[in-house]
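What follows is a single structure, written as structure tokens, with notes after it.
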Amino acid sequence: MSTLIYWFRNDLRLQDSPALSKACREATQLIPVYVLAPEETSTRWGFARESHQRKRHLTESLIALDTQCRELGSRLLVLQGDASTTLSALVQFTQAQGIICEQIAAPEEQAEVERLRAQGIKVQCVWQSTMLELTTLPFTPQHMPDVFTQFRQKLEAKGLRARQTVSKPAQLPGLASNLEIESVSLRQRLEHLGSSSEANGQSRAGTAQGLQHLDHYFADELPHTYKQTRNQLSGADYSTRFSTWLATGALSAPMIVERLTQYEASRGANEGTYWIWFELVWRDYFRFLHLKYGRALYFREGLRKPDPGSEVPSLAEPTSGIALKLFEQWTQGRTKNALVNAGMNELAATGKMSNRMRQIVASYLIYDLRIDWRAGAAWFESQLLDYDVYSNQGNWLYIAGLGTDPRGGRRMNLDKQALEHDPQGLYRKQWAQT
């Protein structure tokens with residue numbers, strides 16, 4: 001009998017999961033587990049690593065995943081603590097032969113795996129978070145073009161599309177009937193965190209809700225108009241809103257492309273449908289960039305120190321004095337710029353923010369307030385429901401001019417941004433402080 005642990009990470013789904021499919025093939029007894037971070041984990045800048053809203057959304061996502069596991073004859077074991085310590089104890093208790101999980105190419109996540117392997121535990125990591133398969137790329141990640149446009153053009157020249165989706169297992173290998181491990185009560189945790197902020201208190205987390213959203217989005221003309229609406233600051237359907245499900249892994253990028261392909265076959269392709277693919281290529285790009293550069297993407301100076309003539313300013317860490325005061329004003333939506341304040345207020349209230357507003361508030365923090373970009377990235381991690389380690393890090397580096405952007409920085413003219421994207425001031429009025 002082969003007992004294996006399947007460690008869910010940022011892949012909270014059962015369908016289109018190559019890693020889970022591998023675990024089901026290899027195990028006669030499979031223990032699905034998720035490890036919650038220790039409570040009250042803080043960043044180096046003193047604020048909570050996860051906001052109340054993020055914790056609630058994750059809990060709702062885990063409840064949805066547990067429901068799916070039970071439908072397939074198993075259940076989700078939820079533990080809390082340091083992942084390597086907690087999983088090591090679980091391996092010893094269950095006498096499991098190893099752990100299978102998705103590969104995450106970010107420093108903290110890689111360190112968790114290395115600590116487990118250092119204890120002699122067999123950990124198999126499967127790369128599955130990208131739309132494209134590594135083996136189909138026209139280059140190795142170490143030799144990928146740094147500039148996004150060149151990266152995209154090489155993919156398109158080869159005619160690459162998304163990998164084929166993988167079917168959901170018909171059944172999960174059963175848990176031992178005598179497996180007595182105290183699991184975190186997700187219902188109690190959700191009760192403690194409070195009801196969802198979504199309309200009517202109904203959760204939008206989990207694969208089933210994600211699939212319903214795909215049905216809605218691809219039912220009519222929304223994909224055809226995506227490019228025209230994607231830079232709006234608010235509205236019901238200006239964006240695809242796929243990112244929250246992608247961030248938890250409730251939906252995979254290939255699942256979305258599968259629906260996009262079906263839509264184009266039946267309703268036709270245009271600039272809007274191409275731009276959905278384009279944005280998913282950006283998502284892949286930041287993931288492959290992590291495979292190339294790894295920890296360097298987390299350094300203060302990023303991939304390069306700015307040239308003397310660069311527009312990238314000297315940035316201060318918000319640990320004390322004026323820098324800390326300015327950073328707190330930014331997080332609380334109390335800066336001198338009304339558009340920035342509106343964006344930060346929306347983020348605090350909902351855990352959401354449009355892509356355009358993310359660029360605007362990031363530009364303001366870096367170029368107007370001259371605050372360390374890493375503090376801004378950490379604040380987004382704390383607050384965003386759709387936080388994604390790859391895209392968050394990549395986008396902040398891009399705006400700061402410390403990543404791979406050939407322009408060396410993206411300082412925005414905020415008056416121009418307000419005129420173009422909020423000409424009547426409706427967004428600023430909606431999210432003004434009360």
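So you can find residues: chains in the structure tokens are A, B, ... in the order shown, residues in each start at 1, and ligands are numbered from 1 in order.
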Among stretch 89-153 of chain A, which ones does DSSP place in strand (DSSP E or B), written as an mmCIF file with C-alpha atoms, in the first residue's frame?
```cif
data_model
loop_
_atom_site.group_PDB
_atom_site.id
_atom_site.type_symbol
_atom_site.label_atom_id
_atom_site.label_comp_id
_atom_site.auth_asym_id
_atom_site.auth_seq_id
_atom_site.Cartn_x
_atom_site.Cartn_y
_atom_site.Cartn_z
ATOM 1 C CA GLY A 98 6.128 11.171 0.311
ATOM 2 C CA ILE A 99 4.424 14.416 -0.694
ATOM 3 C CA ILE A 100 3.223 15.570 -4.103
ATOM 4 C CA CYS A 101 2.460 19.244 -4.731
ATOM 5 C CA GLU A 102 2.541 21.948 -7.354
ATOM 6 C CA VAL A 123 8.702 15.785 -2.250
ATOM 7 C CA GLN A 124 7.635 15.678 -5.896
ATOM 8 C CA CYS A 125 6.841 19.120 -7.308
ATOM 9 C CA VAL A 126 4.868 19.420 -10.559
#
```
Helix (DSSP H, G or I) call set, DSSP backbone run, stretch 159-351 of chain A, as a ChimeraX atom specification: /A:186-193,199-201,207-217,222-229,243-248,253-267,271-298,321-331,338-350
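Comparing A:Ser243, A:Gln103, A:Asn270, A:Ser17 by their smallest distance to A:Glu221, the closest is A:Asn270 (using only C-alpha atoms).
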A:Thr404 environment, 12 Å, only C-alpha atoms, sequence neighbours closer than 3 positions dropped, as a PyMOL selection string: chain A and resi 144-151+285-286+289-290+292-293+297+302-306+393-401+407-410
I need the residues from that last selection saved to file as a PDB file, in the first residue's frame (with C-alpha atoms), if you can.
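Listing of part24.pdb after writing:
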```pdb
ATOM      1  CA  MET A 144      13.891  33.334 -22.462  1.00  0.00           C
ATOM      2  CA  PRO A 145      13.863  36.926 -23.765  1.00  0.00           C
ATOM      3  CA  ASP A 146      13.738  39.428 -20.926  1.00  0.00           C
ATOM      4  CA  VAL A 147      11.534  41.870 -22.826  1.00  0.00           C
ATOM      5  CA  PHE A 148       7.877  40.824 -22.826  1.00  0.00           C
ATOM      6  CA  THR A 149       7.175  41.794 -26.448  1.00  0.00           C
ATOM      7  CA  GLN A 150      10.018  39.593 -27.698  1.00  0.00           C
ATOM      8  CA  PHE A 151       8.853  36.782 -25.408  1.00  0.00           C
ATOM      9  CA  TYR A 285       5.727  35.567 -18.553  1.00  0.00           C
ATOM     10  CA  PHE A 286       6.024  36.555 -14.892  1.00  0.00           C
ATOM     11  CA  LEU A 289      10.715  35.012 -15.308  1.00  0.00           C
ATOM     12  CA  HIS A 290      10.810  33.561 -11.790  1.00  0.00           C
ATOM     13  CA  LYS A 292      15.041  32.473 -14.768  1.00  0.00           C
ATOM     14  CA  TYR A 293      15.845  34.971 -12.030  1.00  0.00           C
ATOM     15  CA  LEU A 297      13.350  39.512  -8.259  1.00  0.00           C
ATOM     16  CA  GLY A 302      15.613  44.219  -8.512  1.00  0.00           C
ATOM     17  CA  LEU A 303      17.470  42.936 -11.558  1.00  0.00           C
ATOM     18  CA  ARG A 304      19.663  45.997 -11.965  1.00  0.00           C
ATOM     19  CA  LYS A 305      20.684  49.168 -10.253  1.00  0.00           C
ATOM     20  CA  PRO A 306      19.230  52.189 -12.025  1.00  0.00           C
ATOM     21  CA  GLN A 393       6.278  40.962  -7.832  1.00  0.00           C
ATOM     22  CA  GLY A 394       6.653  41.298 -11.590  1.00  0.00           C
ATOM     23  CA  ASN A 395       4.299  44.254 -11.917  1.00  0.00           C
ATOM     24  CA  TRP A 396       5.848  46.231  -9.060  1.00  0.00           C
ATOM     25  CA  LEU A 397       9.325  45.715 -10.507  1.00  0.00           C
ATOM     26  CA  TYR A 398       7.994  46.770 -13.910  1.00  0.00           C
ATOM     27  CA  ILE A 399       6.557  50.051 -12.608  1.00  0.00           C
ATOM     28  CA  ALA A 400       9.725  50.728 -10.591  1.00  0.00           C
ATOM     29  CA  GLY A 401      11.981  50.180 -13.605  1.00  0.00           C
ATOM     30  CA  ARG A 407      11.774  51.850 -20.746  1.00  0.00           C
ATOM     31  CA  GLY A 408      13.363  51.720 -17.290  1.00  0.00           C
ATOM     32  CA  GLY A 409      10.303  52.758 -15.299  1.00  0.00           C
ATOM     33  CA  ARG A 410       6.654  53.692 -15.696  1.00  0.00           C
TER      34      ARG A 410
END
```
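Atom CA of A:Leu233 lies 10.0 Å from atom CA of A:Arg428.
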Top pick for closest residue to A:Ser354, considering A:Val35, A:Ala236, A:Ala432, A:Leu58 and counting only C-alpha atoms: A:Ala236
Polymer residues at most 10 Å from stretch 169-175 of chain A, only C-alpha atoms, same-chain spacing of 4 or more positions, as a ChimeraX atom specification: /A:3-4,14-17,20-21,23-32,69-75,179
Nearest to A:Pro138, chosen from A:Ala37, A:Leu155, A:Ala349, A:Leu116, with only C-alpha atoms counted in the distances: A:Leu155
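Atom pair atom CA of A:Leu339 / atom CA of A:Leu414: separated by 7.9 Å.
Taking only C-alpha atoms into account, A:Gln433 lies nearest to A:Glu346 out of the set A:Pro38, A:Glu346, A:Phe327, A:Leu280.
Closest approach to A:Arg161 among A:Ser252, A:Thr261, A:Gln430, A:Gln232: A:Thr261, based on only C-alpha atoms.
Considering only C-alpha atoms, the residue among A:Thr207, A:Ser234, A:Ser167, A:Ser84 positioned nearest to A:Tyr34 is A:Ser84.
In this model, the gap between atom CA of A:Gln119 and atom CA of A:Trp7 comes to 16.8 Å.
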At a cut-off of 8 Å, using only C-alpha atoms, what residues contact stretch 382-386 of chain A? Leave out same-chain residues fewer than 3 positions from it and give the result as a PDB file with C-alpha atoms, in the first residue's frame.
```pdb
ATOM      1  CA  ALA A  48      -0.409  41.736   8.889  1.00  0.00           C
ATOM      2  CA  ARG A  49       0.693  39.440   6.066  1.00  0.00           C
ATOM      3  CA  GLU A  50      -2.955  38.642   5.270  1.00  0.00           C
ATOM      4  CA  SER A  51      -5.897  40.965   5.780  1.00  0.00           C
ATOM      5  CA  GLN A  53     -10.750  39.774   3.919  1.00  0.00           C
ATOM      6  CA  ARG A  54      -8.009  37.633   2.405  1.00  0.00           C
ATOM      7  CA  HIS A  57     -11.782  34.439   1.019  1.00  0.00           C
ATOM      8  CA  SER A 243      -8.011  36.758 -11.463  1.00  0.00           C
ATOM      9  CA  THR A 244      -9.537  35.855  -8.084  1.00  0.00           C
ATOM     10  CA  TRP A 245     -10.168  32.248  -9.145  1.00  0.00           C
ATOM     11  CA  LEU A 246      -6.785  32.041 -10.862  1.00  0.00           C
ATOM     12  CA  ALA A 247      -5.038  33.309  -7.723  1.00  0.00           C
ATOM     13  CA  THR A 248      -6.367  30.517  -5.493  1.00  0.00           C
ATOM     14  CA  LEU A 347      -8.814  48.176  -1.944  1.00  0.00           C
ATOM     15  CA  ALA A 348      -9.353  48.464   1.809  1.00  0.00           C
ATOM     16  CA  GLY A 351      -9.903  43.648  -1.493  1.00  0.00           C
ATOM     17  CA  LYS A 352     -10.166  44.532  -5.183  1.00  0.00           C
ATOM     18  CA  MET A 353      -8.718  47.116  -7.533  1.00  0.00           C
ATOM     19  CA  ALA A 378       3.776  43.613   0.523  1.00  0.00           C
ATOM     20  CA  TRP A 379       0.709  45.811   1.102  1.00  0.00           C
TER      21      TRP A 379
END
```
Residue neighbourhood A:Asp220, 10 Å, only C-alpha atoms, exclusion window fewer than 5 positions, as an MDAnalysis selection string: chainID A and resid 215 263 267
Contacts of A:Trp330 within 10 Å, only C-alpha atoms, excl. fewer than 5 positions in-chain, as number ranges by chain: A: 324-325, 335-337, 340-341, 343-345, 361-362, 364-365, 369, 376
Store the residues picked out above in a file with N, CA and C atoms, as an mmCIF file, in the first residue's frame.
```
data_model
loop_
_atom_site.group_PDB
_atom_site.id
_atom_site.type_symbol
_atom_site.label_atom_id
_atom_site.label_comp_id
_atom_site.auth_asym_id
_atom_site.auth_seq_id
_atom_site.Cartn_x
_atom_site.Cartn_y
_atom_site.Cartn_z
ATOM 1 N N LEU A 324 7.668 56.525 6.939
ATOM 2 C CA LEU A 324 6.602 55.715 7.535
ATOM 3 C C LEU A 324 5.277 56.464 7.505
ATOM 4 N N LYS A 325 5.308 57.752 7.804
ATOM 5 C CA LYS A 325 4.079 58.555 7.788
ATOM 6 C C LYS A 325 3.479 58.611 6.387
ATOM 7 N N THR A 335 -3.576 60.519 1.032
ATOM 8 C CA THR A 335 -2.504 61.251 0.359
ATOM 9 C C THR A 335 -3.044 62.583 -0.164
ATOM 10 N N LYS A 336 -2.204 63.298 -0.908
ATOM 11 C CA LYS A 336 -2.624 64.572 -1.494
ATOM 12 C C LYS A 336 -3.318 64.393 -2.848
ATOM 13 N N ASN A 337 -3.453 63.139 -3.297
ATOM 14 C CA ASN A 337 -4.049 62.881 -4.607
ATOM 15 C C ASN A 337 -5.364 62.122 -4.449
ATOM 16 N N VAL A 340 -5.605 58.539 -6.220
ATOM 17 C CA VAL A 340 -4.873 57.525 -5.453
ATOM 18 C C VAL A 340 -5.671 57.143 -4.207
ATOM 19 N N ASN A 341 -6.196 58.127 -3.518
ATOM 20 C CA ASN A 341 -6.983 57.855 -2.306
ATOM 21 C C ASN A 341 -8.181 56.975 -2.616
ATOM 22 N N GLY A 343 -8.519 54.793 -5.031
ATOM 23 C CA GLY A 343 -8.066 53.428 -5.279
ATOM 24 C C GLY A 343 -7.728 52.689 -4.001
ATOM 25 N N MET A 344 -7.028 53.353 -3.093
ATOM 26 C CA MET A 344 -6.647 52.708 -1.842
ATOM 27 C C MET A 344 -7.850 52.460 -0.943
ATOM 28 N N ASN A 345 -8.840 53.330 -0.997
ATOM 29 C CA ASN A 345 -10.066 53.109 -0.229
ATOM 30 C C ASN A 345 -10.861 51.932 -0.774
ATOM 31 N N VAL A 361 -1.548 53.764 -8.396
ATOM 32 C CA VAL A 361 -1.161 53.904 -6.984
ATOM 33 C C VAL A 361 0.287 53.448 -6.772
ATOM 34 N N ALA A 362 0.743 52.481 -7.566
ATOM 35 C CA ALA A 362 2.134 52.043 -7.465
ATOM 36 C C ALA A 362 3.074 53.149 -7.937
ATOM 37 N N TYR A 364 2.531 56.316 -7.915
ATOM 38 C CA TYR A 364 2.511 57.402 -6.923
ATOM 39 C C TYR A 364 3.415 57.073 -5.735
ATOM 40 N N LEU A 365 3.346 55.829 -5.251
ATOM 41 C CA LEU A 365 4.167 55.438 -4.102
ATOM 42 C C LEU A 365 5.658 55.547 -4.439
ATOM 43 N N LEU A 369 6.024 59.642 -3.705
ATOM 44 C CA LEU A 369 6.359 59.522 -2.288
ATOM 45 C C LEU A 369 7.768 58.982 -2.058
ATOM 46 N N GLY A 376 5.175 48.469 -0.909
ATOM 47 C CA GLY A 376 3.922 48.518 -1.663
ATOM 48 C C GLY A 376 3.497 47.137 -2.117
#
```
